[in-house]
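Inspection log for the structure reproduced underneath, given as structure tokens.
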Amino acid sequence: MRRARRPLPAAEPHLMAHLRNSVWGPAEFVGLPPWWLVGEGLLAGGLGVVAIVGTAVAGAWYGLPALAAGEAGLVCAAALVLYLGVVGAGRALVGLVAVLAVCLALQAPQAAAGMVLAERGSVESVVVTSVEGAAASEGRYLCSVADQGGIPLKVRIWRGCGQATRPGDALAVVYDPEGNVSPRGVETEATVTGPLRDVAGWAASLVAACLLAVVRSYRLTHTATGSTRGQGAATLCRSAGRG
């Protein structure tokens, strides 16, 4: 005679809730999130963006290779991810922040170099020595150039170099007088804020992801536990007073 199987405890809803909280964060609030929580998320994202981009700009301006190459930006990205892990943000959102922060750190060096050249760069005319077509997917042409003294530049120029460019043509190149940034072709209407537009999308996405991660990390468990302890302590005090 077979024994009737006992019904399994209703643990599946709790398991699904635990997984959902672990992946996306608990978000234990009703209605709109508290204003201070929104401020914390914006502050975390904003500081992360400033740290990642700021280290690259400082490295390009002062000629610090470790900062200019984006390595310090990756460290700042790791610190931001660690902070979100400490506050208990959902793993999926932490992963999203990590991807966006790394992408921003990889894009920041080029933007920082453009800012330095736009701020203090000098323009001079160079002579094209050879033209080479880049990969078809990029659709660019690379020009090897030499200065007026015939000394070749170590980098090839693609801005201003096109299909119609021939050896012997003159190109305008902007270079850093202090030599901290590699020279590049002159861009039309180059401004200091222009290079920042190249990373503005990554920066805005990172701030939004940090905001969402911090807001969804909010838990009422600790607050409820603290309230219960406080009520218990008050009850004991009143009992002692009556005694």
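The chains in the structure tokens are called A, B, ... from first to last as shown; in each chain the residues are counted from 1, and the ligands are counted from 1 in the order shown.
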
Could you produce a table of the residues of stretch 50-84 of chain A lying within 9 Å of stretch 102-115 of chain A, with the nearest pair of atoms per residue and their separation in Å rounded to one decimal, using only C-alpha atoms, ordered by chain and increasing residue number, as a Markdown table?
```
| residue | atom | partner | partner_atom | distance |
| --- | --- | --- | --- | --- |
| A:Ile52 | CA | A:Ala105 | CA | 5.9 |
| A:Val53 | CA | A:Ala108 | CA | 5.5 |
| A:Gly54 | CA | A:Ala112 | CA | 8.4 |
| A:Thr55 | CA | A:Ala108 | CA | 8.9 |
| A:Ala56 | CA | A:Pro109 | CA | 5.4 |
| A:Val57 | CA | A:Ala112 | CA | 4.6 |
| A:Ala58 | CA | A:Ala112 | CA | 8.2 |
| A:Gly59 | CA | A:Ala112 | CA | 8.4 |
| A:Ala60 | CA | A:Ala113 | CA | 5.9 |
| A:Trp61 | CA | A:Ala113 | CA | 8.0 |
| A:Leu67 | CA | A:Pro109 | CA | 8.6 |
| A:Ala68 | CA | A:Pro109 | CA | 5.8 |
| A:Ala69 | CA | A:Pro109 | CA | 6.0 |
| A:Gly70 | CA | A:Ala105 | CA | 5.8 |
| A:Glu71 | CA | A:Ala105 | CA | 7.9 |
| A:Ala72 | CA | A:Ala105 | CA | 8.4 |
| A:Gly73 | CA | A:Ala105 | CA | 5.0 |
| A:Leu74 | CA | A:Ala105 | CA | 5.8 |
| A:Cys76 | CA | A:Ala105 | CA | 8.6 |
| A:Ala77 | CA | A:Val102 | CA | 6.3 |
| A:Ala78 | CA | A:Val102 | CA | 8.5 |
```

For C-alpha atoms, I'd like the residues from the last selection saved as an mmCIF file, in the first residue's frame.
```cif
data_model
loop_
_atom_site.group_PDB
_atom_site.id
_atom_site.type_symbol
_atom_site.label_atom_id
_atom_site.label_comp_id
_atom_site.auth_asym_id
_atom_site.auth_seq_id
_atom_site.Cartn_x
_atom_site.Cartn_y
_atom_site.Cartn_z
ATOM 1 C CA ILE A 52 36.164 58.236 -14.362
ATOM 2 C CA VAL A 53 36.259 61.202 -16.734
ATOM 3 C CA GLY A 54 38.165 63.477 -14.361
ATOM 4 C CA THR A 55 41.085 61.079 -13.933
ATOM 5 C CA ALA A 56 41.442 60.781 -17.710
ATOM 6 C CA VAL A 57 41.382 64.571 -18.147
ATOM 7 C CA ALA A 58 43.944 65.050 -15.362
ATOM 8 C CA GLY A 59 46.194 62.405 -16.873
ATOM 9 C CA ALA A 60 46.023 63.990 -20.336
ATOM 10 C CA TRP A 61 46.563 67.508 -18.998
ATOM 11 C CA LEU A 67 45.621 58.203 -15.646
ATOM 12 C CA ALA A 68 45.542 59.195 -19.302
ATOM 13 C CA ALA A 69 45.333 55.590 -20.527
ATOM 14 C CA GLY A 70 42.122 54.944 -18.583
ATOM 15 C CA GLU A 71 43.547 52.549 -15.991
ATOM 16 C CA ALA A 72 42.551 54.838 -13.133
ATOM 17 C CA GLY A 73 39.081 55.113 -14.663
ATOM 18 C CA LEU A 74 38.739 51.333 -14.501
ATOM 19 C CA CYS A 76 37.000 54.088 -10.245
ATOM 20 C CA ALA A 77 34.517 51.866 -12.079
ATOM 21 C CA ALA A 78 35.448 48.942 -9.837
#
```

Note to self: Just list as number ranges by chain whatever in stretch 119-210 of chain A DSSP marks as strand (DSSP E).
What the structure shows: A: 122-133, 141-146, 170-175, 184-185

Store the residues of this selection in a file with N, CA and C atoms, as a PDB file, in the first residue's frame.
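To be explicit, this is the file written out as selection.pdb:
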```
ATOM      1  N   SER A 122      47.921  73.878 -30.433  1.00  0.00           N
ATOM      2  CA  SER A 122      48.398  74.789 -31.478  1.00  0.00           C
ATOM      3  C   SER A 122      48.262  74.106 -32.832  1.00  0.00           C
ATOM      4  N   VAL A 123      47.932  74.883 -33.840  1.00  0.00           N
ATOM      5  CA  VAL A 123      47.695  74.344 -35.180  1.00  0.00           C
ATOM      6  C   VAL A 123      48.898  74.656 -36.069  1.00  0.00           C
ATOM      7  N   GLU A 124      49.335  73.651 -36.801  1.00  0.00           N
ATOM      8  CA  GLU A 124      50.408  73.852 -37.768  1.00  0.00           C
ATOM      9  C   GLU A 124      50.109  73.029 -39.016  1.00  0.00           C
ATOM     10  N   SER A 125      50.743  73.396 -40.090  1.00  0.00           N
ATOM     11  CA  SER A 125      50.541  72.705 -41.365  1.00  0.00           C
ATOM     12  C   SER A 125      51.600  71.611 -41.523  1.00  0.00           C
ATOM     13  N   VAL A 126      51.169  70.435 -41.956  1.00  0.00           N
ATOM     14  CA  VAL A 126      52.070  69.313 -42.201  1.00  0.00           C
ATOM     15  C   VAL A 126      51.876  68.837 -43.634  1.00  0.00           C
ATOM     16  N   VAL A 127      52.824  68.040 -44.109  1.00  0.00           N
ATOM     17  CA  VAL A 127      52.811  67.552 -45.481  1.00  0.00           C
ATOM     18  C   VAL A 127      52.522  66.053 -45.473  1.00  0.00           C
ATOM     19  N   VAL A 128      51.595  65.629 -46.311  1.00  0.00           N
ATOM     20  CA  VAL A 128      51.242  64.222 -46.415  1.00  0.00           C
ATOM     21  C   VAL A 128      52.351  63.482 -47.164  1.00  0.00           C
ATOM     22  N   THR A 129      52.823  62.396 -46.566  1.00  0.00           N
ATOM     23  CA  THR A 129      53.856  61.579 -47.221  1.00  0.00           C
ATOM     24  C   THR A 129      53.283  60.316 -47.848  1.00  0.00           C
ATOM     25  N   SER A 130      52.210  59.789 -47.290  1.00  0.00           N
ATOM     26  CA  SER A 130      51.572  58.602 -47.869  1.00  0.00           C
ATOM     27  C   SER A 130      50.144  58.519 -47.362  1.00  0.00           C
ATOM     28  N   VAL A 131      49.304  57.840 -48.130  1.00  0.00           N
ATOM     29  CA  VAL A 131      47.890  57.668 -47.783  1.00  0.00           C
ATOM     30  C   VAL A 131      47.575  56.184 -47.826  1.00  0.00           C
ATOM     31  N   GLU A 132      46.904  55.742 -46.785  1.00  0.00           N
ATOM     32  CA  GLU A 132      46.560  54.320 -46.682  1.00  0.00           C
ATOM     33  C   GLU A 132      45.095  54.190 -46.322  1.00  0.00           C
ATOM     34  N   GLY A 133      44.397  53.306 -47.012  1.00  0.00           N
ATOM     35  CA  GLY A 133      42.998  53.067 -46.703  1.00  0.00           C
ATOM     36  C   GLY A 133      42.856  52.157 -45.507  1.00  0.00           C
ATOM     37  N   TYR A 141      40.563  56.945 -44.072  1.00  0.00           N
ATOM     38  CA  TYR A 141      41.875  56.943 -44.711  1.00  0.00           C
ATOM     39  C   TYR A 141      42.883  57.488 -43.708  1.00  0.00           C
ATOM     40  N   LEU A 142      44.037  56.865 -43.686  1.00  0.00           N
ATOM     41  CA  LEU A 142      45.091  57.241 -42.748  1.00  0.00           C
ATOM     42  C   LEU A 142      46.229  57.876 -43.518  1.00  0.00           C
ATOM     43  N   CYS A 143      46.639  59.066 -43.081  1.00  0.00           N
ATOM     44  CA  CYS A 143      47.710  59.805 -43.740  1.00  0.00           C
ATOM     45  C   CYS A 143      48.936  59.836 -42.847  1.00  0.00           C
ATOM     46  N   SER A 144      50.060  59.399 -43.398  1.00  0.00           N
ATOM     47  CA  SER A 144      51.349  59.614 -42.735  1.00  0.00           C
ATOM     48  C   SER A 144      51.841  60.998 -43.131  1.00  0.00           C
ATOM     49  N   VAL A 145      52.273  61.780 -42.153  1.00  0.00           N
ATOM     50  CA  VAL A 145      52.618  63.181 -42.411  1.00  0.00           C
ATOM     51  C   VAL A 145      53.978  63.497 -41.817  1.00  0.00           C
ATOM     52  N   ALA A 146      54.545  64.592 -42.286  1.00  0.00           N
ATOM     53  CA  ALA A 146      55.812  65.112 -41.769  1.00  0.00           C
ATOM     54  C   ALA A 146      55.670  66.611 -41.580  1.00  0.00           C
ATOM     55  N   ALA A 170      48.871  69.425 -48.149  1.00  0.00           N
ATOM     56  CA  ALA A 170      49.047  70.003 -46.810  1.00  0.00           C
ATOM     57  C   ALA A 170      47.810  69.718 -45.966  1.00  0.00           C
ATOM     58  N   LEU A 171      48.045  69.353 -44.719  1.00  0.00           N
ATOM     59  CA  LEU A 171      46.965  69.140 -43.762  1.00  0.00           C
ATOM     60  C   LEU A 171      47.218  69.989 -42.525  1.00  0.00           C
ATOM     61  N   ALA A 172      46.127  70.429 -41.908  1.00  0.00           N
ATOM     62  CA  ALA A 172      46.227  71.172 -40.650  1.00  0.00           C
ATOM     63  C   ALA A 172      46.149  70.188 -39.491  1.00  0.00           C
ATOM     64  N   VAL A 173      47.121  70.273 -38.619  1.00  0.00           N
ATOM     65  CA  VAL A 173      47.200  69.361 -37.478  1.00  0.00           C
ATOM     66  C   VAL A 173      47.293  70.187 -36.204  1.00  0.00           C
ATOM     67  N   VAL A 174      46.554  69.776 -35.181  1.00  0.00           N
ATOM     68  CA  VAL A 174      46.634  70.422 -33.875  1.00  0.00           C
ATOM     69  C   VAL A 174      47.454  69.527 -32.957  1.00  0.00           C
ATOM     70  N   TYR A 175      48.369  70.149 -32.223  1.00  0.00           N
ATOM     71  CA  TYR A 175      49.242  69.381 -31.350  1.00  0.00           C
ATOM     72  C   TYR A 175      49.342  70.069 -29.994  1.00  0.00           C
ATOM     73  N   ARG A 184      46.554  65.428 -33.751  1.00  0.00           N
ATOM     74  CA  ARG A 184      45.461  64.912 -34.571  1.00  0.00           C
ATOM     75  C   ARG A 184      45.022  65.971 -35.566  1.00  0.00           C
ATOM     76  N   GLY A 185      44.279  65.556 -36.567  1.00  0.00           N
ATOM     77  CA  GLY A 185      43.790  66.498 -37.552  1.00  0.00           C
ATOM     78  C   GLY A 185      42.843  67.508 -36.945  1.00  0.00           C
TER      79      GLY A 185
END
```

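Looking only at stretch 129-209 of chain A, the set that DSSP places in helix (DSSP H, G or I) from backbone geometry is Gly194, Pro195, Leu196, Arg197, Asp198, Val199, Ala200, Gly201, Trp202, Ala203, Ala204, Ser205, Leu206, Val207, Ala208 and Ala209 of chain A.
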